[in-house]
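Shown here: data_2.txt, compact mmCIF, C-alpha atoms.
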# COMPACT_ATOMS: atom_id res chain seq x y z
CA MET A 1 9.11 -49.36 -26.98
CA MET A 2 7.03 -46.20 -26.58
CA ALA A 3 7.54 -43.74 -29.40
CA PHE A 4 8.38 -40.19 -28.42
CA LYS A 5 7.42 -37.28 -30.53
CA LEU A 6 8.41 -33.73 -29.71
CA PRO A 7 5.38 -31.51 -29.36
CA ARG A 8 4.38 -28.83 -31.81
CA PHE A 9 5.14 -25.47 -30.32
CA GLY A 10 2.01 -23.88 -31.73
CA ARG A 11 -0.30 -25.35 -29.10
CA PRO A 12 -2.13 -23.13 -26.60
CA MET A 13 -0.07 -22.35 -23.52
CA SER A 14 -3.02 -23.40 -21.34
CA GLY A 15 -2.67 -27.06 -22.40
CA LEU A 16 -1.69 -29.77 -19.94
CA PHE A 17 1.60 -30.37 -21.74
CA TRP A 18 2.68 -26.73 -21.36
CA ARG A 19 1.61 -26.60 -17.74
CA THR A 20 3.62 -29.71 -16.94
CA PHE A 21 6.56 -28.49 -19.03
CA LEU A 22 6.63 -25.05 -17.37
CA LEU A 23 6.32 -26.58 -13.90
CA LEU A 24 9.19 -29.00 -14.53
CA GLY A 25 11.24 -26.21 -16.16
CA VAL A 26 10.78 -23.86 -13.19
CA LEU A 27 11.56 -26.59 -10.67
CA THR A 28 14.66 -27.63 -12.63
CA THR A 29 15.88 -24.03 -12.93
CA LEU A 30 15.38 -23.35 -9.22
CA SER A 31 17.11 -26.62 -8.31
CA MET A 32 20.04 -25.83 -10.60
CA ALA A 33 20.36 -22.29 -9.24
CA SER A 34 20.30 -23.59 -5.66
CA TRP A 35 22.88 -26.22 -6.52
CA ILE A 36 25.22 -23.69 -8.14
CA GLY A 37 24.83 -21.33 -5.18
CA MET A 38 25.54 -24.10 -2.70
CA ILE A 39 28.58 -25.31 -4.64
CA SER A 40 29.92 -21.76 -4.86
CA VAL A 41 29.62 -21.24 -1.12
CA VAL A 42 30.94 -24.66 -0.12
CA GLN A 43 33.91 -24.75 -2.49
CA ARG A 44 34.94 -21.09 -2.10
CA GLU A 45 37.31 -21.57 0.82
CA PRO A 46 38.89 -24.86 -0.42
CA GLN A 47 39.43 -23.29 -3.84
CA ALA A 48 40.99 -20.20 -2.26
CA GLN A 49 43.27 -22.41 -0.16
CA GLN A 50 44.35 -24.36 -3.23
CA LEU A 51 45.11 -21.23 -5.25
CA ALA A 52 46.90 -19.55 -2.33
CA ALA A 53 49.02 -22.66 -1.77
CA GLN A 54 49.94 -22.68 -5.45
CA VAL A 55 50.99 -19.02 -5.35
CA ILE A 56 52.96 -19.49 -2.13
CA SER A 57 54.70 -22.55 -3.51
CA VAL A 58 55.69 -20.82 -6.76
CA VAL A 59 56.95 -17.69 -5.00
CA THR A 60 58.90 -19.68 -2.39
CA ILE A 61 60.55 -21.94 -4.96
CA THR A 62 61.38 -19.03 -7.27
CA ARG A 63 62.86 -16.97 -4.45
CA ALA A 64 64.91 -19.91 -3.21
CA ALA A 65 66.16 -20.65 -6.73
CA LEU A 66 67.20 -17.05 -7.29
CA THR A 67 68.79 -16.78 -3.83
CA HIS A 68 70.93 -19.89 -4.14
CA SER A 69 71.88 -19.57 -7.81
CA ALA A 70 75.14 -18.06 -8.96
CA PRO A 71 74.79 -14.46 -10.18
CA ASP A 72 76.08 -15.31 -13.65
CA LEU A 73 73.47 -18.08 -13.99
CA ARG A 74 70.40 -16.09 -12.88
CA ARG A 75 69.63 -14.79 -16.38
CA GLU A 76 69.61 -18.35 -17.69
CA LEU A 77 67.42 -19.40 -14.72
CA LEU A 78 64.94 -16.62 -15.41
CA PHE A 79 64.77 -17.67 -19.07
CA GLU A 80 64.03 -21.25 -17.99
CA LEU A 81 61.25 -20.08 -15.67
CA VAL A 82 59.63 -18.07 -18.44
CA SER A 83 59.90 -20.72 -21.15
CA ASN A 84 59.01 -23.79 -19.09
CA GLU A 85 56.86 -22.56 -16.23
CA GLY A 86 55.34 -19.33 -17.53
CA ILE A 87 56.85 -17.42 -14.59
CA ARG A 88 58.38 -13.99 -15.01
CA VAL A 89 60.36 -12.05 -12.42
CA PHE A 90 60.81 -8.27 -12.58
CA SER A 91 62.32 -5.72 -10.24
CA LEU A 92 59.74 -3.74 -8.29
CA GLU A 93 60.18 -0.03 -8.88
CA ASP A 94 58.52 2.85 -7.09
CA ASP A 95 57.22 4.31 -10.33
CA ASP A 96 55.55 1.11 -11.53
CA GLU A 97 51.97 1.58 -12.76
CA VAL A 98 50.07 -0.88 -10.62
CA GLU A 99 46.39 -1.78 -10.97
CA PRO A 100 44.46 -3.41 -8.09
CA PRO A 101 43.94 -7.18 -8.10
CA PRO A 102 40.76 -8.63 -9.64
CA ALA A 103 37.63 -8.00 -7.60
CA ASN A 104 36.08 -11.39 -7.04
CA ALA A 105 34.91 -13.42 -4.06
CA LEU A 106 38.14 -15.49 -3.86
CA MET A 107 40.68 -12.67 -3.93
CA PRO A 108 40.30 -11.48 -0.28
CA LEU A 109 40.77 -15.05 0.96
CA ILE A 110 43.81 -15.60 -1.28
CA GLU A 111 45.41 -12.33 -0.14
CA SER A 112 44.97 -13.11 3.55
CA MET A 113 46.43 -16.63 3.17
CA VAL A 114 49.37 -15.53 1.01
CA LYS A 115 50.24 -12.58 3.32
CA ALA A 116 50.15 -14.94 6.29
CA LYS A 117 52.98 -16.95 4.68
CA LEU A 118 54.96 -14.39 2.68
CA GLY A 119 54.52 -11.32 4.86
CA ALA A 120 52.01 -8.56 5.42
CA ASP A 121 53.71 -6.25 2.93
CA THR A 122 53.07 -8.61 -0.01
CA ARG A 123 51.35 -6.79 -2.81
CA PHE A 124 49.00 -8.05 -5.52
CA SER A 125 48.08 -6.64 -8.88
CA ALA A 126 46.15 -7.53 -12.03
CA ARG A 127 48.32 -5.40 -14.34
CA VAL A 128 51.76 -3.81 -13.90
CA ASN A 129 53.06 -1.34 -16.44
CA GLY A 130 50.35 -2.40 -18.84
CA MET A 131 51.24 -6.12 -18.64
CA ARG A 132 48.28 -8.31 -17.71
CA GLY A 133 48.77 -11.24 -15.33
CA PHE A 134 48.64 -12.29 -11.71
CA TRP A 135 51.33 -10.25 -9.95
CA VAL A 136 52.73 -11.00 -6.50
CA SER A 137 55.60 -9.12 -4.82
CA PHE A 138 58.37 -10.76 -2.77
CA LYS A 139 61.70 -9.81 -1.23
CA ILE A 140 65.21 -11.11 -1.48
CA ASP A 141 67.14 -9.40 1.31
CA ASP A 142 66.33 -5.69 0.79
CA ASP A 143 65.45 -5.97 -2.89
CA GLN A 144 61.81 -6.24 -4.01
CA TYR A 145 60.62 -8.12 -7.04
CA TRP A 146 57.44 -8.81 -8.95
CA LEU A 147 56.53 -12.40 -9.83
CA MET A 148 54.02 -12.66 -12.63
CA LEU A 149 51.94 -15.80 -13.26
CA GLU A 150 49.67 -16.41 -16.18
CA ARG A 151 46.16 -15.78 -14.88
CA GLU A 152 44.86 -19.00 -16.43
CA ARG A 153 47.06 -21.03 -14.07
CA ILE A 154 45.30 -19.81 -10.96
CA SER A 155 41.83 -18.85 -12.19
CA GLY A 156 38.78 -21.08 -11.93
CA LEU A 157 35.86 -21.01 -14.29
CA THR A 158 35.20 -17.59 -15.76
CA GLY A 159 31.77 -16.00 -15.92
CA VAL A 160 31.45 -16.87 -19.60
CA GLN A 161 32.35 -20.49 -18.87
CA TRP A 162 29.87 -20.65 -16.01
CA LEU A 163 27.24 -19.16 -18.34
CA GLY A 164 28.08 -21.68 -21.05
CA TRP A 165 27.83 -24.65 -18.71
CA ALA A 166 24.64 -23.26 -17.20
CA GLY A 167 23.20 -22.88 -20.71
CA VAL A 168 24.07 -26.48 -21.61
CA VAL A 169 22.58 -27.81 -18.37
CA SER A 170 19.46 -25.66 -18.85
CA LEU A 171 18.99 -26.90 -22.42
CA VAL A 172 19.36 -30.54 -21.38
CA SER A 173 16.98 -29.94 -18.46
CA LEU A 174 14.34 -28.36 -20.69
CA LEU A 175 14.62 -31.19 -23.23
CA GLY A 176 14.22 -33.64 -20.36
CA ALA A 177 11.20 -31.68 -19.11
CA ALA A 178 9.68 -31.80 -22.62
CA LEU A 179 10.29 -35.56 -22.84
CA ILE A 180 8.81 -36.22 -19.39
CA SER A 181 5.80 -33.98 -20.11
CA SER A 182 5.13 -35.76 -23.41
CA LEU A 183 5.42 -39.20 -21.81
CA ILE A 184 3.06 -38.14 -19.03
CA ASN A 185 0.51 -36.68 -21.46
CA LEU A 186 0.78 -39.37 -24.16
CA PRO A 187 -1.83 -41.73 -22.59
CA LEU A 188 -4.26 -38.82 -22.14
CA LYS A 189 -3.61 -37.73 -25.74
CA ARG A 190 -4.38 -41.24 -27.01
CA LEU A 191 -7.55 -41.38 -24.91
CA THR A 192 -8.68 -37.99 -26.21
CA ALA A 193 -8.10 -39.01 -29.84
CA ALA A 194 -9.99 -42.28 -29.33
CA ALA A 195 -12.92 -40.46 -27.68
CA ARG A 196 -12.98 -38.00 -30.59
CA ASP A 197 -13.18 -40.92 -33.06
CA ILE A 198 -16.16 -42.34 -31.17
CA ALA A 199 -17.87 -38.95 -31.25
CA ARG A 200 -17.40 -38.94 -35.05
CA GLY A 201 -18.94 -42.40 -35.33
CA LEU A 202 -15.64 -44.21 -35.97
CA ARG A 203 -14.25 -47.23 -34.17
CA PRO A 204 -10.83 -46.33 -32.69
CA GLU A 205 -7.87 -48.66 -32.44
CA PRO A 206 -7.65 -50.40 -29.02
CA LEU A 207 -5.59 -48.43 -26.53
CA PRO A 208 -2.31 -50.19 -25.56
CA ASP A 209 -2.32 -52.25 -22.39
CA LYS A 210 0.98 -50.90 -21.07
CA GLY A 211 2.31 -48.19 -18.82
CA PRO A 212 1.56 -47.44 -15.15
CA GLN A 213 -1.23 -49.36 -13.45
CA GLU A 214 -3.65 -46.42 -13.50
CA VAL A 215 -3.10 -45.91 -17.25
CA ARG A 216 -3.58 -49.62 -17.97
CA GLN A 217 -6.82 -49.71 -15.99
CA ALA A 218 -8.16 -46.62 -17.78
CA ASN A 219 -7.23 -48.07 -21.19
CA ARG A 220 -8.84 -51.41 -20.38
CA SER A 221 -12.04 -49.71 -19.23
CA PHE A 222 -12.13 -47.58 -22.37
CA ASN A 223 -11.51 -50.57 -24.66
CA GLN A 224 -14.28 -52.48 -22.89
CA MET A 225 -16.61 -49.52 -23.35
CA VAL A 226 -15.82 -49.42 -27.09
CA ASP A 227 -16.54 -53.16 -27.38
CA ASP A 228 -19.82 -52.74 -25.48
CA LEU A 229 -20.87 -49.87 -27.76
CA GLN A 230 -20.03 -51.97 -30.81
CA GLN A 231 -22.07 -54.84 -29.41
CA VAL A 232 -25.00 -52.52 -28.77
CA GLU A 233 -24.71 -51.25 -32.34
CA SER A 234 -24.66 -54.81 -33.68
CA ASP A 235 -27.64 -55.80 -31.54
CA ARG A 236 -29.56 -52.75 -32.72
CA ALA A 237 -28.84 -53.63 -36.35
CA VAL A 238 -30.09 -57.20 -35.78
CA ILE A 239 -33.25 -55.92 -34.10
CA LEU A 240 -33.86 -53.44 -36.90
CA ALA A 241 -33.38 -56.16 -39.49
CA GLY A 242 -35.80 -58.50 -37.70
CA ILE A 243 -38.50 -55.90 -37.18
CA SER A 244 -38.17 -54.57 -40.72
CA HIS A 245 -38.38 -58.03 -42.21
CA ASP A 246 -41.47 -58.90 -40.14
CA LEU A 247 -43.22 -55.67 -41.16
CA ARG A 248 -42.82 -56.33 -44.87
CA THR A 249 -45.52 -59.07 -44.88
CA PRO A 250 -48.36 -57.05 -43.28
CA LEU A 251 -47.45 -54.08 -45.49
CA ALA A 252 -47.79 -56.27 -48.57
CA ARG A 253 -51.25 -57.45 -47.35
CA MET A 254 -52.27 -53.84 -46.72
CA GLN A 255 -51.18 -52.88 -50.22
CA LEU A 256 -53.21 -55.73 -51.69
CA GLU A 257 -56.29 -54.85 -49.61
CA VAL A 258 -56.06 -51.21 -50.68
CA GLU A 259 -55.95 -52.26 -54.32
CA MET A 260 -58.98 -54.52 -53.93
CA ALA A 261 -61.05 -52.25 -51.69
CA HIS A 262 -63.64 -49.91 -53.14
CA LEU A 263 -62.18 -46.61 -52.04
CA PRO A 264 -62.39 -43.08 -53.40
CA PRO A 265 -59.39 -42.25 -55.61
CA ASP A 266 -58.03 -39.65 -53.18
CA ALA A 267 -58.16 -42.00 -50.22
CA ARG A 268 -56.62 -44.83 -52.26
CA SER A 269 -53.78 -42.57 -53.43
CA GLY A 270 -53.10 -41.31 -49.90
CA MET A 271 -52.99 -44.81 -48.41
CA GLN A 272 -50.74 -46.05 -51.19
CA SER A 273 -48.40 -43.11 -50.58
CA ASP A 274 -48.26 -43.88 -46.84
CA ILE A 275 -47.55 -47.54 -47.49
CA ALA A 276 -44.80 -46.66 -50.00
CA GLN A 277 -43.22 -44.31 -47.48
CA MET A 278 -43.33 -47.00 -44.77
CA ASP A 279 -41.81 -49.50 -47.20
CA ALA A 280 -38.97 -47.05 -48.02
CA ILE A 281 -38.21 -46.59 -44.33
CA ILE A 282 -38.15 -50.35 -43.80
CA ALA A 283 -35.81 -50.68 -46.79
CA GLN A 284 -33.47 -48.19 -45.09
CA PHE A 285 -33.52 -50.28 -41.91
CA LEU A 286 -32.63 -53.41 -43.86
CA ASP A 287 -29.82 -51.63 -45.72
CA TYR A 288 -28.41 -50.33 -42.44
CA ALA A 289 -28.54 -53.75 -40.78
CA LYS A 290 -27.14 -55.68 -43.76
CA PRO A 291 -23.45 -56.57 -43.20
CA THR A 292 -20.80 -56.13 -45.87
CA GLU A 293 -18.56 -59.18 -46.22
CA THR A 294 -14.99 -58.60 -47.44
CA SER A 295 -15.05 -62.02 -49.09
CA THR A 296 -17.41 -60.57 -51.72
CA PHE A 297 -14.95 -57.84 -52.79
CA VAL A 298 -13.99 -57.71 -56.45
CA LEU A 299 -12.47 -55.11 -58.76
CA VAL A 300 -15.09 -52.48 -59.49
CA ASP A 301 -15.04 -50.01 -62.40
CA VAL A 302 -15.90 -46.87 -60.43
CA SER A 303 -16.12 -44.62 -63.47
CA GLY A 304 -18.62 -46.88 -65.20
CA MET A 305 -20.67 -47.30 -62.03
CA LEU A 306 -20.83 -43.53 -61.44
CA GLU A 307 -21.87 -43.04 -65.08
CA ASP A 308 -24.73 -45.50 -64.58
CA VAL A 309 -25.78 -43.81 -61.32
CA ALA A 310 -25.79 -40.40 -63.02
CA HIS A 311 -27.76 -41.73 -65.98
CA GLU A 312 -30.39 -43.29 -63.71
CA ALA A 313 -30.67 -40.06 -61.68
CA THR A 314 -31.30 -37.92 -64.78
CA ARG A 315 -34.51 -39.88 -65.46
CA LEU A 316 -36.08 -38.02 -62.54
CA PRO A 317 -37.67 -34.72 -63.50
CA ASP A 318 -36.19 -32.67 -60.65
CA VAL A 319 -32.51 -33.71 -61.04
CA ARG A 320 -29.73 -32.47 -63.29
CA VAL A 321 -26.36 -34.24 -63.02
CA GLN A 322 -22.96 -33.17 -64.31
CA THR A 323 -20.04 -35.62 -64.20
CA VAL A 324 -16.27 -35.18 -64.38
CA LEU A 325 -14.91 -38.72 -64.30
CA CYS A 326 -11.52 -40.37 -64.68
CA GLU A 327 -11.48 -43.25 -67.12
CA GLY A 328 -10.45 -46.68 -65.90
CA ALA A 329 -10.50 -45.93 -62.14
CA GLN A 330 -10.92 -49.19 -60.25
CA VAL A 331 -11.36 -50.03 -56.56
CA ARG A 332 -11.77 -53.26 -54.68
CA GLY A 333 -15.14 -53.67 -53.03
CA ASN A 334 -18.65 -55.02 -53.14
CA PRO A 335 -20.37 -53.67 -56.31
CA THR A 336 -23.90 -53.84 -54.85
CA ASP A 337 -22.95 -52.01 -51.65
CA LEU A 338 -20.90 -49.36 -53.45
CA LYS A 339 -23.74 -48.66 -55.89
CA ARG A 340 -26.13 -48.40 -52.93
CA VAL A 341 -23.75 -45.81 -51.40
CA PHE A 342 -23.64 -43.75 -54.60
CA ASN A 343 -27.41 -43.94 -55.06
CA ASN A 344 -27.96 -42.87 -51.44
CA LEU A 345 -25.72 -39.84 -51.90
CA VAL A 346 -27.48 -38.84 -55.12
CA GLU A 347 -30.89 -39.29 -53.46
CA ASN A 348 -29.67 -37.29 -50.47
CA ALA A 349 -28.61 -34.44 -52.77
CA ARG A 350 -31.91 -34.67 -54.67
CA ARG A 351 -33.98 -34.36 -51.50
CA TYR A 352 -31.98 -31.79 -49.55
CA GLY A 353 -29.77 -30.05 -52.13
CA LYS A 354 -32.25 -28.29 -54.32
CA THR A 355 -31.19 -24.81 -55.40
CA PRO A 356 -32.85 -22.22 -53.12
CA GLY A 357 -35.96 -20.80 -54.71
CA GLY A 358 -36.28 -23.62 -57.24
CA GLU A 359 -37.42 -27.24 -57.52
CA LEU A 360 -34.33 -28.52 -59.35
CA ALA A 361 -31.43 -30.33 -57.69
CA GLU A 362 -28.16 -29.61 -59.52
CA ILE A 363 -25.70 -32.38 -58.65
CA GLU A 364 -22.04 -32.64 -59.64
CA ILE A 365 -20.08 -35.90 -59.48
CA HIS A 366 -16.29 -35.68 -59.69
CA CYS A 367 -13.85 -38.60 -59.72
CA THR A 368 -10.05 -38.36 -59.63
CA ALA A 369 -7.35 -40.99 -59.17
CA LYS A 370 -3.90 -40.22 -57.78
CA GLY A 371 -1.31 -41.86 -55.57
CA GLY A 372 -3.09 -45.20 -55.30
CA ARG A 373 -6.32 -43.51 -54.13
CA VAL A 374 -9.61 -42.77 -55.86
CA VAL A 375 -11.42 -39.63 -54.68
CA ILE A 376 -15.14 -39.26 -55.47
CA GLU A 377 -17.07 -36.07 -54.71
CA PHE A 378 -20.83 -35.43 -54.72
CA LEU A 379 -21.68 -31.73 -54.73
CA ASP A 380 -25.07 -30.04 -54.56
CA HIS A 381 -26.17 -26.39 -54.71
CA GLY A 382 -28.50 -26.33 -51.73
CA VAL A 383 -28.36 -24.35 -48.49
CA GLY A 384 -25.71 -26.61 -46.92
CA VAL A 385 -25.45 -27.61 -43.26
CA PRO A 386 -24.28 -25.60 -40.22
CA GLU A 387 -20.58 -26.26 -39.67
CA ASP A 388 -21.06 -27.41 -36.07
CA GLN A 389 -23.60 -30.04 -37.17
CA LEU A 390 -21.72 -31.69 -40.03
CA ASP A 391 -20.50 -34.60 -37.92
CA GLN A 392 -24.03 -35.20 -36.62
CA LEU A 393 -25.12 -36.25 -40.11
CA ARG A 394 -23.06 -39.42 -39.83
CA LYS A 395 -25.02 -40.70 -36.84
CA PRO A 396 -28.01 -43.02 -37.29
CA PHE A 397 -31.53 -41.55 -36.98
CA THR A 398 -30.20 -38.00 -37.25
CA ARG A 399 -32.03 -35.33 -39.22
CA LEU A 400 -31.23 -31.63 -39.16
CA ASP A 401 -34.64 -30.02 -39.32
CA THR A 402 -33.26 -26.50 -39.80
CA ALA A 403 -31.80 -27.35 -43.20
CA ARG A 404 -33.73 -30.48 -44.17
CA SER A 405 -37.21 -30.10 -42.77
CA GLN A 406 -38.78 -31.37 -45.93
CA ALA A 407 -37.10 -34.76 -45.55
CA ASN A 408 -38.91 -38.07 -45.34
CA GLY A 409 -37.19 -41.10 -43.93
CA ALA A 410 -35.55 -42.44 -40.80
CA GLY A 411 -32.31 -40.48 -41.00
CA LEU A 412 -30.22 -43.49 -42.00
CA GLY A 413 -28.95 -42.38 -45.43
CA LEU A 414 -25.48 -41.19 -44.45
CA ALA A 415 -25.30 -43.73 -41.61
CA ILE A 416 -25.65 -46.49 -44.22
CA VAL A 417 -22.97 -44.83 -46.34
CA GLU A 418 -20.65 -44.57 -43.33
CA ARG A 419 -21.23 -48.20 -42.36
CA VAL A 420 -20.48 -49.54 -45.85
CA LEU A 421 -17.39 -47.34 -46.33
CA GLN A 422 -15.92 -48.46 -43.03
CA LYS A 423 -15.98 -52.04 -44.33
CA HIS A 424 -14.19 -50.81 -47.46
CA GLU A 425 -11.55 -48.98 -45.37
CA ALA A 426 -12.60 -45.75 -47.08
CA GLU A 427 -12.78 -42.20 -45.74
CA LEU A 428 -15.91 -40.06 -45.69
CA GLN A 429 -15.64 -36.27 -45.39
CA LEU A 430 -18.44 -33.72 -45.26
CA SER A 431 -17.99 -30.01 -45.92
CA ASN A 432 -19.89 -26.99 -47.21
CA ARG A 433 -19.27 -25.53 -50.66
CA PRO A 434 -18.03 -21.92 -50.68
CA GLY A 435 -20.92 -20.97 -52.96
CA GLY A 436 -23.55 -22.91 -51.01
CA GLY A 437 -24.36 -26.58 -50.81
CA LEU A 438 -22.83 -29.73 -49.39
CA VAL A 439 -19.73 -31.64 -50.54
CA VAL A 440 -19.49 -35.36 -49.76
CA ARG A 441 -15.99 -36.67 -50.43
CA ILE A 442 -15.20 -40.40 -50.49
CA THR A 443 -11.60 -41.65 -50.64
CA LEU A 444 -11.14 -45.31 -51.64
CA ASN A 445 -8.04 -47.44 -52.10
CA ALA A 446 -7.39 -48.10 -55.75
CA GLY A 447 -7.63 -51.70 -56.84
Any chance you could put this one into structure tokens?
Amino acid sequence: MMAFKLPRFGRPMSGLFWRTFLLLGVLTTLSMASWIGMISVVQREPQAQQLAAQVISVVTITRAALTHSAPDLRRELLFELVSNEGIRVFSLEDDDEVEPPPANALMPLIESMVKAKLGADTRFSARVNGMRGFWVSFKIDDDQYWLMLERERISGLTGVQWLGWAGVVSLVSLLGAALISSLINLPLKRLTAAARDIARGLRPEPLPDKGPQEVRQANRSFNQMVDDLQQVESDRAVILAGISHDLRTPLARMQLEVEMAHLPPDARSGMQSDIAQMDAIIAQFLDYAKPTETSTFVLVDVSGMLEDVAHEATRLPDVRVQTVLCEGAQVRGNPTDLKRVFNNLVENARRYGKTPGGELAEIEIHCTAKGGRVVIEFLDHGVGVPEDQLDQLRKPFTRLDTARSQANGAGLGLAIVERVLQKHEAELQLSNRPGGGLVVRITLNAG
């Protein structure tokens, strides 16, 4: 069963949902207005005939009852009419204060029909001598009388009632329009969210194979595209691993030949530096291509591991590390891969997070545990990254030259981190520090 969620009403009015909702709302309102107008026109005459027949019947029966009743019993008869039928009979006097009948579309029709049966001199009033009701005059011989009916007995729906019913129908129609709009836009919303995940380097959940034929075909095509991209990524990792492994042997021979060759010290040092840089790049390729197996997961003491990483980093002359750790925090994962992630992030901060104007990288490592989650943050004091390019850092072979032009490597550092954390079902977030620098936040499930 498809879940329905009412939309948030803070979205831009130019969105597809609002366009569909407004279109359905306008069409529903116009249809309802046309329907009410048609019903009013079609039922006007039948309703007038029904009300006129009711008035004629009451007046005729009342006049006949008064005419054929004994004079001494008329008072009792009038009391019965008032108490049981809500009918009152009064003598019509010349000085009566008479107000005109109600001005509505039915009254002219009712007057013409009633006068056709009771006589052209029949009078109507909405209020006589200050008493509100539906007043009709009739004659018994030469005497004239007023017959008053409660207005509720002969009135249809009032304006307030029509407004109330119209409001209820409008509300139901708008809720239906919102439901239909959401159901129409739900497949597109899912597709958009999945495409956004791919743009961020994540693998989205497969889109459901249900709904109209066009939606099913689009979802199947998208799912196939995601599988193809994943296969391409896997093939690229295998190729990188093969090439990197094959390059290690000739690099080792080159290193040995450089050591044994009679070269000037400057040339020897330069060649050794180039070989070391090539070996570091190949190591990145191998780390990126290496899979993480969940069968190797064990309980890992994150606090102790971060303490070791910080201690190893402080051996370098251009790094200063401060730690704020939570004791006893444990997660379930592969210890080797997690330590590689932490070392990569520290190395990343050391290379690109140096304080502007200095040669020292100040790194902060924070660890907190709450609600079954362990949150680890790596903060540097560098120049940071442009906000619109933060997500690009996650992608393989990406380097932002504007902020990190001094970098050496293949641009796989954060891609390796992302790849390993995905296997650990962890979240990776990148943001800039308010005072300058980059914040890398990792959220892991506690063990």
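Closest approach to Leu306 in chain A among A:Val346, A:Leu118, A:Leu444, A:Ile282 is made by A:Val346 (distances from only C-alpha atoms).
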All residues 8 Å or closer to Gly435 in chain A, all atoms listed in the file, same chain fewer than 2 positions away omitted, as a ChimeraX atom specification: /A:381,433,437
Can you tell me which residues surround Glu45 in chain A at a distance of at most 9 Å, considering only C-alpha atoms, apart from same-chain residues fewer than 4 positions away, and format the answer as a PyMOL selection string? chain A and resi 41+49-50+106+109
Please identify all polymer residues within 9 Å of range 185-191 of chain A, counting all atoms listed in the file, omitting same-chain residues fewer than 4 positions from it, and present them as a ChimeraX atom specification. /A:4,16-17,20,180-181,195-196,207-208,211,215,218-219,222
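Between CA of Ala426 in chain A and CA of Asp308 in chain A there is a distance of 21.3 Å.
Shortest separation to Arg132 in chain A among A:Gly382, A:Pro108, A:Pro101, A:Pro212 occurs at residue A:Pro101, atoms counted being all atoms listed in the file.
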Identify which of the residues A:Ala261, A:Leu438, A:Met225, A:Leu30 lies closest to Thr355 in chain A, counting all atoms listed in the file when measuring atom-to-atom distances. A:Leu438
